[in-house]
file input_37.txt (compact mmCIF, N, CA and C atoms)
# COMPACT_ATOMS: atom_id res chain seq x y z
N MET N 17 37.63 5.10 -44.42
CA MET N 17 37.16 3.91 -43.76
C MET N 17 35.98 4.26 -42.86
N ILE N 18 34.99 3.39 -42.82
CA ILE N 18 33.78 3.60 -42.01
C ILE N 18 34.05 3.16 -40.57
N ASN N 19 33.64 4.01 -39.64
CA ASN N 19 33.77 3.67 -38.22
C ASN N 19 32.58 2.77 -37.86
N PHE N 20 32.84 1.54 -37.46
CA PHE N 20 31.80 0.56 -37.19
C PHE N 20 31.74 0.26 -35.70
N ASP N 21 30.59 0.52 -35.10
CA ASP N 21 30.39 0.23 -33.68
C ASP N 21 29.45 -0.97 -33.56
N TYR N 22 30.00 -2.10 -33.21
CA TYR N 22 29.23 -3.35 -33.14
C TYR N 22 28.10 -3.27 -32.12
N LYS N 23 28.31 -2.60 -30.99
CA LYS N 23 27.27 -2.50 -29.96
C LYS N 23 26.03 -1.79 -30.51
N ILE N 24 26.24 -0.72 -31.25
CA ILE N 24 25.11 0.00 -31.84
C ILE N 24 24.45 -0.87 -32.90
N PHE N 25 25.25 -1.54 -33.72
CA PHE N 25 24.70 -2.43 -34.74
C PHE N 25 23.85 -3.52 -34.10
N LYS N 26 24.37 -4.14 -33.08
CA LYS N 26 23.66 -5.23 -32.41
C LYS N 26 22.34 -4.75 -31.81
N LYS N 27 22.35 -3.56 -31.22
CA LYS N 27 21.16 -3.02 -30.59
C LYS N 27 20.03 -2.80 -31.61
N PHE N 28 20.35 -2.34 -32.80
CA PHE N 28 19.34 -1.97 -33.76
C PHE N 28 19.08 -3.00 -34.85
N TYR N 29 20.01 -3.91 -35.06
CA TYR N 29 19.88 -4.80 -36.21
C TYR N 29 19.89 -6.29 -35.89
N THR N 30 19.82 -6.64 -34.64
CA THR N 30 19.75 -8.06 -34.34
C THR N 30 18.31 -8.53 -34.44
N MET N 31 18.16 -9.74 -34.86
CA MET N 31 16.85 -10.31 -35.04
C MET N 31 16.61 -11.37 -33.98
N SER N 32 15.48 -11.30 -33.33
CA SER N 32 15.12 -12.31 -32.34
C SER N 32 14.41 -13.46 -33.03
N VAL N 33 14.55 -14.62 -32.44
CA VAL N 33 13.80 -15.78 -32.89
C VAL N 33 12.74 -16.03 -31.83
N ILE N 34 11.50 -16.02 -32.25
CA ILE N 34 10.38 -16.19 -31.33
C ILE N 34 9.72 -17.54 -31.60
N LYS N 35 9.50 -18.28 -30.52
CA LYS N 35 8.83 -19.57 -30.63
C LYS N 35 7.41 -19.39 -30.11
N VAL N 36 6.46 -20.06 -30.75
CA VAL N 36 5.07 -20.00 -30.33
C VAL N 36 4.62 -21.41 -29.96
N ILE N 37 4.06 -21.52 -28.77
CA ILE N 37 3.51 -22.80 -28.33
C ILE N 37 2.02 -22.63 -28.05
N GLU N 38 1.32 -23.72 -28.07
CA GLU N 38 -0.11 -23.68 -27.79
C GLU N 38 -0.36 -24.34 -26.45
N LEU N 39 -1.13 -23.67 -25.61
CA LEU N 39 -1.47 -24.17 -24.28
C LEU N 39 -2.98 -24.24 -24.12
N MET N 40 -3.41 -25.17 -23.32
CA MET N 40 -4.83 -25.26 -22.96
C MET N 40 -4.91 -25.23 -21.44
N ALA N 41 -5.91 -24.52 -20.92
CA ALA N 41 -6.09 -24.43 -19.47
C ALA N 41 -7.57 -24.32 -19.14
N ASN N 42 -7.88 -24.60 -17.89
CA ASN N 42 -9.26 -24.52 -17.46
C ASN N 42 -9.37 -23.86 -16.09
N SER N 43 -10.58 -23.43 -15.76
CA SER N 43 -10.86 -22.81 -14.47
C SER N 43 -12.35 -22.95 -14.19
N ASN N 44 -12.70 -23.03 -12.93
CA ASN N 44 -14.13 -23.04 -12.61
C ASN N 44 -14.63 -21.63 -12.31
N LYS N 45 -13.75 -20.60 -12.45
CA LYS N 45 -14.12 -19.21 -12.18
C LYS N 45 -14.44 -18.41 -13.44
N SER N 46 -13.44 -18.36 -14.39
CA SER N 46 -13.61 -17.50 -15.56
C SER N 46 -12.56 -17.82 -16.62
N TRP N 47 -12.76 -17.26 -17.82
CA TRP N 47 -11.76 -17.41 -18.88
C TRP N 47 -10.48 -16.67 -18.48
N GLU N 48 -10.64 -15.52 -17.84
CA GLU N 48 -9.47 -14.75 -17.41
C GLU N 48 -8.63 -15.55 -16.41
N ASP N 49 -9.29 -16.23 -15.49
CA ASP N 49 -8.58 -17.04 -14.51
C ASP N 49 -7.87 -18.21 -15.19
N ALA N 50 -8.53 -18.83 -16.16
CA ALA N 50 -7.90 -19.92 -16.90
C ALA N 50 -6.66 -19.43 -17.63
N THR N 51 -6.74 -18.24 -18.22
CA THR N 51 -5.60 -17.66 -18.92
C THR N 51 -4.45 -17.38 -17.95
N ALA N 52 -4.77 -16.77 -16.83
CA ALA N 52 -3.75 -16.45 -15.84
C ALA N 52 -3.08 -17.71 -15.30
N ARG N 53 -3.86 -18.76 -15.08
CA ARG N 53 -3.30 -20.02 -14.58
C ARG N 53 -2.35 -20.64 -15.61
N ALA N 54 -2.72 -20.57 -16.88
CA ALA N 54 -1.86 -21.13 -17.93
C ALA N 54 -0.53 -20.39 -18.00
N ILE N 55 -0.57 -19.06 -17.95
CA ILE N 55 0.66 -18.27 -18.03
C ILE N 55 1.52 -18.52 -16.79
N LYS N 56 0.91 -18.57 -15.63
CA LYS N 56 1.67 -18.80 -14.39
C LYS N 56 2.37 -20.16 -14.43
N LYS N 57 1.64 -21.19 -14.84
CA LYS N 57 2.24 -22.53 -14.87
C LYS N 57 3.32 -22.62 -15.95
N ALA N 58 3.06 -22.07 -17.13
CA ALA N 58 4.05 -22.11 -18.21
C ALA N 58 5.30 -21.34 -17.82
N GLY N 59 5.13 -20.24 -17.08
CA GLY N 59 6.25 -19.41 -16.66
C GLY N 59 7.24 -20.13 -15.76
N LYS N 60 6.84 -21.24 -15.18
CA LYS N 60 7.75 -22.01 -14.33
C LYS N 60 8.81 -22.74 -15.14
N SER N 61 8.49 -23.07 -16.39
CA SER N 61 9.46 -23.79 -17.22
C SER N 61 9.85 -23.03 -18.50
N VAL N 62 9.02 -22.11 -18.94
CA VAL N 62 9.31 -21.32 -20.14
C VAL N 62 9.71 -19.91 -19.69
N LYS N 63 10.92 -19.53 -20.01
CA LYS N 63 11.41 -18.21 -19.60
C LYS N 63 11.23 -17.19 -20.72
N GLY N 64 10.97 -15.96 -20.34
CA GLY N 64 10.88 -14.88 -21.32
C GLY N 64 9.60 -14.85 -22.11
N ILE N 65 8.48 -15.25 -21.51
CA ILE N 65 7.20 -15.16 -22.22
C ILE N 65 6.94 -13.71 -22.56
N ARG N 66 6.65 -13.46 -23.84
CA ARG N 66 6.42 -12.08 -24.31
C ARG N 66 4.96 -11.74 -24.48
N SER N 67 4.18 -12.71 -24.94
CA SER N 67 2.77 -12.40 -25.19
C SER N 67 1.95 -13.68 -25.22
N ALA N 68 0.65 -13.50 -25.11
CA ALA N 68 -0.28 -14.62 -25.23
C ALA N 68 -1.50 -14.14 -26.00
N TYR N 69 -1.97 -14.99 -26.88
CA TYR N 69 -3.14 -14.70 -27.70
C TYR N 69 -4.17 -15.77 -27.41
N VAL N 70 -5.39 -15.36 -27.05
CA VAL N 70 -6.45 -16.33 -26.80
C VAL N 70 -7.01 -16.78 -28.14
N LYS N 71 -6.72 -18.01 -28.48
CA LYS N 71 -7.15 -18.57 -29.76
C LYS N 71 -8.60 -19.05 -29.71
N ASP N 72 -8.97 -19.62 -28.55
CA ASP N 72 -10.31 -20.20 -28.46
C ASP N 72 -10.77 -20.19 -27.01
N GLN N 73 -12.07 -20.06 -26.83
CA GLN N 73 -12.68 -20.14 -25.51
C GLN N 73 -13.87 -21.08 -25.61
N SER N 74 -14.08 -21.85 -24.54
CA SER N 74 -15.25 -22.72 -24.50
C SER N 74 -15.64 -22.95 -23.05
N VAL N 75 -16.80 -23.52 -22.86
CA VAL N 75 -17.27 -23.84 -21.51
C VAL N 75 -17.82 -25.25 -21.48
N VAL N 76 -17.84 -25.81 -20.29
CA VAL N 76 -18.49 -27.10 -20.05
C VAL N 76 -19.79 -26.78 -19.32
N VAL N 77 -20.89 -27.32 -19.80
CA VAL N 77 -22.19 -27.06 -19.21
C VAL N 77 -22.77 -28.36 -18.67
N LYS N 78 -23.20 -28.32 -17.42
CA LYS N 78 -23.87 -29.47 -16.80
C LYS N 78 -25.14 -28.98 -16.13
N ASP N 79 -26.23 -29.62 -16.43
CA ASP N 79 -27.54 -29.26 -15.86
C ASP N 79 -27.87 -27.78 -16.08
N GLY N 80 -27.51 -27.28 -17.26
CA GLY N 80 -27.83 -25.90 -17.61
C GLY N 80 -26.94 -24.85 -16.97
N LYS N 81 -25.87 -25.27 -16.28
CA LYS N 81 -24.97 -24.32 -15.63
C LYS N 81 -23.54 -24.52 -16.11
N ILE N 82 -22.81 -23.42 -16.21
CA ILE N 82 -21.40 -23.49 -16.59
C ILE N 82 -20.61 -24.04 -15.41
N THR N 83 -19.88 -25.12 -15.67
CA THR N 83 -19.08 -25.73 -14.60
C THR N 83 -17.58 -25.55 -14.82
N GLU N 84 -17.20 -25.20 -16.05
CA GLU N 84 -15.78 -25.06 -16.33
C GLU N 84 -15.57 -24.14 -17.53
N TYR N 85 -14.60 -23.24 -17.39
CA TYR N 85 -14.19 -22.35 -18.48
C TYR N 85 -12.88 -22.89 -19.04
N ARG N 86 -12.78 -22.93 -20.37
CA ARG N 86 -11.57 -23.44 -21.02
C ARG N 86 -11.03 -22.43 -22.02
N VAL N 87 -9.70 -22.34 -22.09
CA VAL N 87 -9.07 -21.46 -23.08
C VAL N 87 -7.96 -22.22 -23.79
N THR N 88 -7.75 -21.86 -25.03
CA THR N 88 -6.59 -22.31 -25.80
C THR N 88 -5.80 -21.05 -26.13
N LEU N 89 -4.51 -21.06 -25.75
CA LEU N 89 -3.66 -19.89 -25.93
C LEU N 89 -2.52 -20.16 -26.87
N LYS N 90 -2.10 -19.14 -27.59
CA LYS N 90 -0.84 -19.14 -28.34
C LYS N 90 0.10 -18.26 -27.52
N VAL N 91 1.17 -18.84 -27.03
CA VAL N 91 2.12 -18.14 -26.15
C VAL N 91 3.45 -18.01 -26.88
N SER N 92 4.00 -16.80 -26.89
CA SER N 92 5.27 -16.59 -27.59
C SER N 92 6.37 -16.22 -26.60
N PHE N 93 7.58 -16.68 -26.91
CA PHE N 93 8.75 -16.36 -26.10
C PHE N 93 9.98 -16.38 -26.98
N GLU N 94 11.01 -15.64 -26.54
CA GLU N 94 12.24 -15.54 -27.31
C GLU N 94 13.11 -16.76 -27.08
N VAL N 95 13.62 -17.31 -28.17
CA VAL N 95 14.57 -18.43 -28.10
C VAL N 95 15.95 -17.83 -27.93
N LYS N 96 16.65 -18.24 -26.90
CA LYS N 96 17.99 -17.70 -26.63
C LYS N 96 19.05 -18.53 -27.32

call {"tool": "encode", "arguments": {"input": "input_37.txt", "output": "C-alpha cells"}}
result
Amino acid sequence: MINFDYKIFKKFYTMSVIKVIELMANSNKSWEDATARAIKKAGKSVKGIRSAYVKDQSVVVKDGKITEYRVTLKVSFEVK
C-alpha cells in the first residue's frame, strides 16, 4: 500500500484559480503614479493581488503640454 500524505500533495499539486480584471487610472504626475494609484485603490476591495500588467498608456495634451497620464492595467488575483 502507498503511504499518502495529503499535506504534501496539497502543497505541490493544488491548482490556483486566478482572476484577471482590467483597471484604468490617471495621474497628473506620471504613468508610474497612475499605476500605483490604481493598485492602491483596487487593493481596498480586491484581496491577494499578485501582479499587474500595463496594457496601455496614453496622455491628455492641452496647449501642447501633457496634463494627464493614463494607464490601463490587467490585474490578477487568486480566487479563494

call {"tool": "select_by_dssp", "arguments": {"input": "input_37.txt", "residues": "chain N", "states": "strand (DSSP E)", "output": "PyMOL selection string"}}
result
chain N and resi 33-43+65-78+81-95

call {"tool": "atom_distance", "arguments": {"input": "input_37.txt", "atom1": "atom N of Ser92 of chain N", "atom2": "atom CA of Asp72 of chain N"}}
result
14.8 Å

call {"tool": "residues_around", "arguments": {"input": "input_37.txt", "residues": "Val91 of chain N", "least_positions_apart": "2", "cutoff": "6 Å", "atoms": "only N, CA and C atoms", "output": "list in words"}}
result
Lys35, Val36, Ile37, Glu38, Leu39, Ser67, Ala68, Tyr69, Leu89 and Phe93 of chain N

call {"tool": "atom_distance", "arguments": {"input": "input_37.txt", "atom1": "atom CA of Glu84 of chain N", "atom2": "atom CA of Lys57 of chain N"}}
result
18.3 Å

call {"tool": "closest_residue", "arguments": {"input": "input_37.txt", "among": "N:Lys90, N:Lys56, N:Lys96, N:Lys45", "to": "Val76 of chain N", "atoms": "only C-alpha atoms"}}
result
N:Lys45

call {"tool": "closest_residue", "arguments": {"input": "input_37.txt", "among": "N:Thr51, N:Asn44, N:Ser32, N:Ser61", "to": "Val95 of chain N", "atoms": "only C-alpha atoms"}}
result
N:Ser32

call {"tool": "select_by_dssp", "arguments": {"input": "input_37.txt", "residues": "chain N", "states": "alpha helix (DSSP H)", "output": "VMD selection string"}}
result
chain N and resid 22 to 29 47 to 58

call {"tool": "write_last_selection", "arguments": {"input": "input_37.txt", "atoms": "N, CA and C atoms", "output": "mmCIF file, in the frame of the given file"}}
result
data_model
loop_
_atom_site.group_PDB
_atom_site.id
_atom_site.type_symbol
_atom_site.label_atom_id
_atom_site.label_comp_id
_atom_site.auth_asym_id
_atom_site.auth_seq_id
_atom_site.Cartn_x
_atom_site.Cartn_y
_atom_site.Cartn_z
ATOM 1 N N TYR N 22 30.000 -2.100 -33.210
ATOM 2 C CA TYR N 22 29.230 -3.350 -33.140
ATOM 3 C C TYR N 22 28.100 -3.270 -32.120
ATOM 4 N N LYS N 23 28.310 -2.600 -30.990
ATOM 5 C CA LYS N 23 27.270 -2.500 -29.960
ATOM 6 C C LYS N 23 26.030 -1.790 -30.510
ATOM 7 N N ILE N 24 26.240 -0.720 -31.250
ATOM 8 C CA ILE N 24 25.110 0.000 -31.840
ATOM 9 C C ILE N 24 24.450 -0.870 -32.900
ATOM 10 N N PHE N 25 25.250 -1.540 -33.720
ATOM 11 C CA PHE N 25 24.700 -2.430 -34.740
ATOM 12 C C PHE N 25 23.850 -3.520 -34.100
ATOM 13 N N LYS N 26 24.370 -4.140 -33.080
ATOM 14 C CA LYS N 26 23.660 -5.230 -32.410
ATOM 15 C C LYS N 26 22.340 -4.750 -31.810
ATOM 16 N N LYS N 27 22.350 -3.560 -31.220
ATOM 17 C CA LYS N 27 21.160 -3.020 -30.590
ATOM 18 C C LYS N 27 20.030 -2.800 -31.610
ATOM 19 N N PHE N 28 20.350 -2.340 -32.800
ATOM 20 C CA PHE N 28 19.340 -1.970 -33.760
ATOM 21 C C PHE N 28 19.080 -3.000 -34.850
ATOM 22 N N TYR N 29 20.010 -3.910 -35.060
ATOM 23 C CA TYR N 29 19.880 -4.800 -36.210
ATOM 24 C C TYR N 29 19.890 -6.290 -35.890
ATOM 25 N N TRP N 47 -12.760 -17.260 -17.820
ATOM 26 C CA TRP N 47 -11.760 -17.410 -18.880
ATOM 27 C C TRP N 47 -10.480 -16.670 -18.480
ATOM 28 N N GLU N 48 -10.640 -15.520 -17.840
ATOM 29 C CA GLU N 48 -9.470 -14.750 -17.410
ATOM 30 C C GLU N 48 -8.630 -15.550 -16.410
ATOM 31 N N ASP N 49 -9.290 -16.230 -15.490
ATOM 32 C CA ASP N 49 -8.580 -17.040 -14.510
ATOM 33 C C ASP N 49 -7.870 -18.210 -15.190
ATOM 34 N N ALA N 50 -8.530 -18.830 -16.160
ATOM 35 C CA ALA N 50 -7.900 -19.920 -16.900
ATOM 36 C C ALA N 50 -6.660 -19.430 -17.630
ATOM 37 N N THR N 51 -6.740 -18.240 -18.220
ATOM 38 C CA THR N 51 -5.600 -17.660 -18.920
ATOM 39 C C THR N 51 -4.450 -17.380 -17.950
ATOM 40 N N ALA N 52 -4.770 -16.770 -16.830
ATOM 41 C CA ALA N 52 -3.750 -16.450 -15.840
ATOM 42 C C ALA N 52 -3.080 -17.710 -15.300
ATOM 43 N N ARG N 53 -3.860 -18.760 -15.080
ATOM 44 C CA ARG N 53 -3.300 -20.020 -14.580
ATOM 45 C C ARG N 53 -2.350 -20.640 -15.610
ATOM 46 N N ALA N 54 -2.720 -20.570 -16.880
ATOM 47 C CA ALA N 54 -1.860 -21.130 -17.930
ATOM 48 C C ALA N 54 -0.530 -20.390 -18.000
ATOM 49 N N ILE N 55 -0.570 -19.060 -17.950
ATOM 50 C CA ILE N 55 0.660 -18.270 -18.030
ATOM 51 C C ILE N 55 1.520 -18.520 -16.790
ATOM 52 N N LYS N 56 0.910 -18.570 -15.630
ATOM 53 C CA LYS N 56 1.670 -18.800 -14.390
ATOM 54 C C LYS N 56 2.370 -20.160 -14.430
ATOM 55 N N LYS N 57 1.640 -21.190 -14.840
ATOM 56 C CA LYS N 57 2.240 -22.530 -14.870
ATOM 57 C C LYS N 57 3.320 -22.620 -15.950
ATOM 58 N N ALA N 58 3.060 -22.070 -17.130
ATOM 59 C CA ALA N 58 4.050 -22.110 -18.210
ATOM 60 C C ALA N 58 5.300 -21.340 -17.820
#
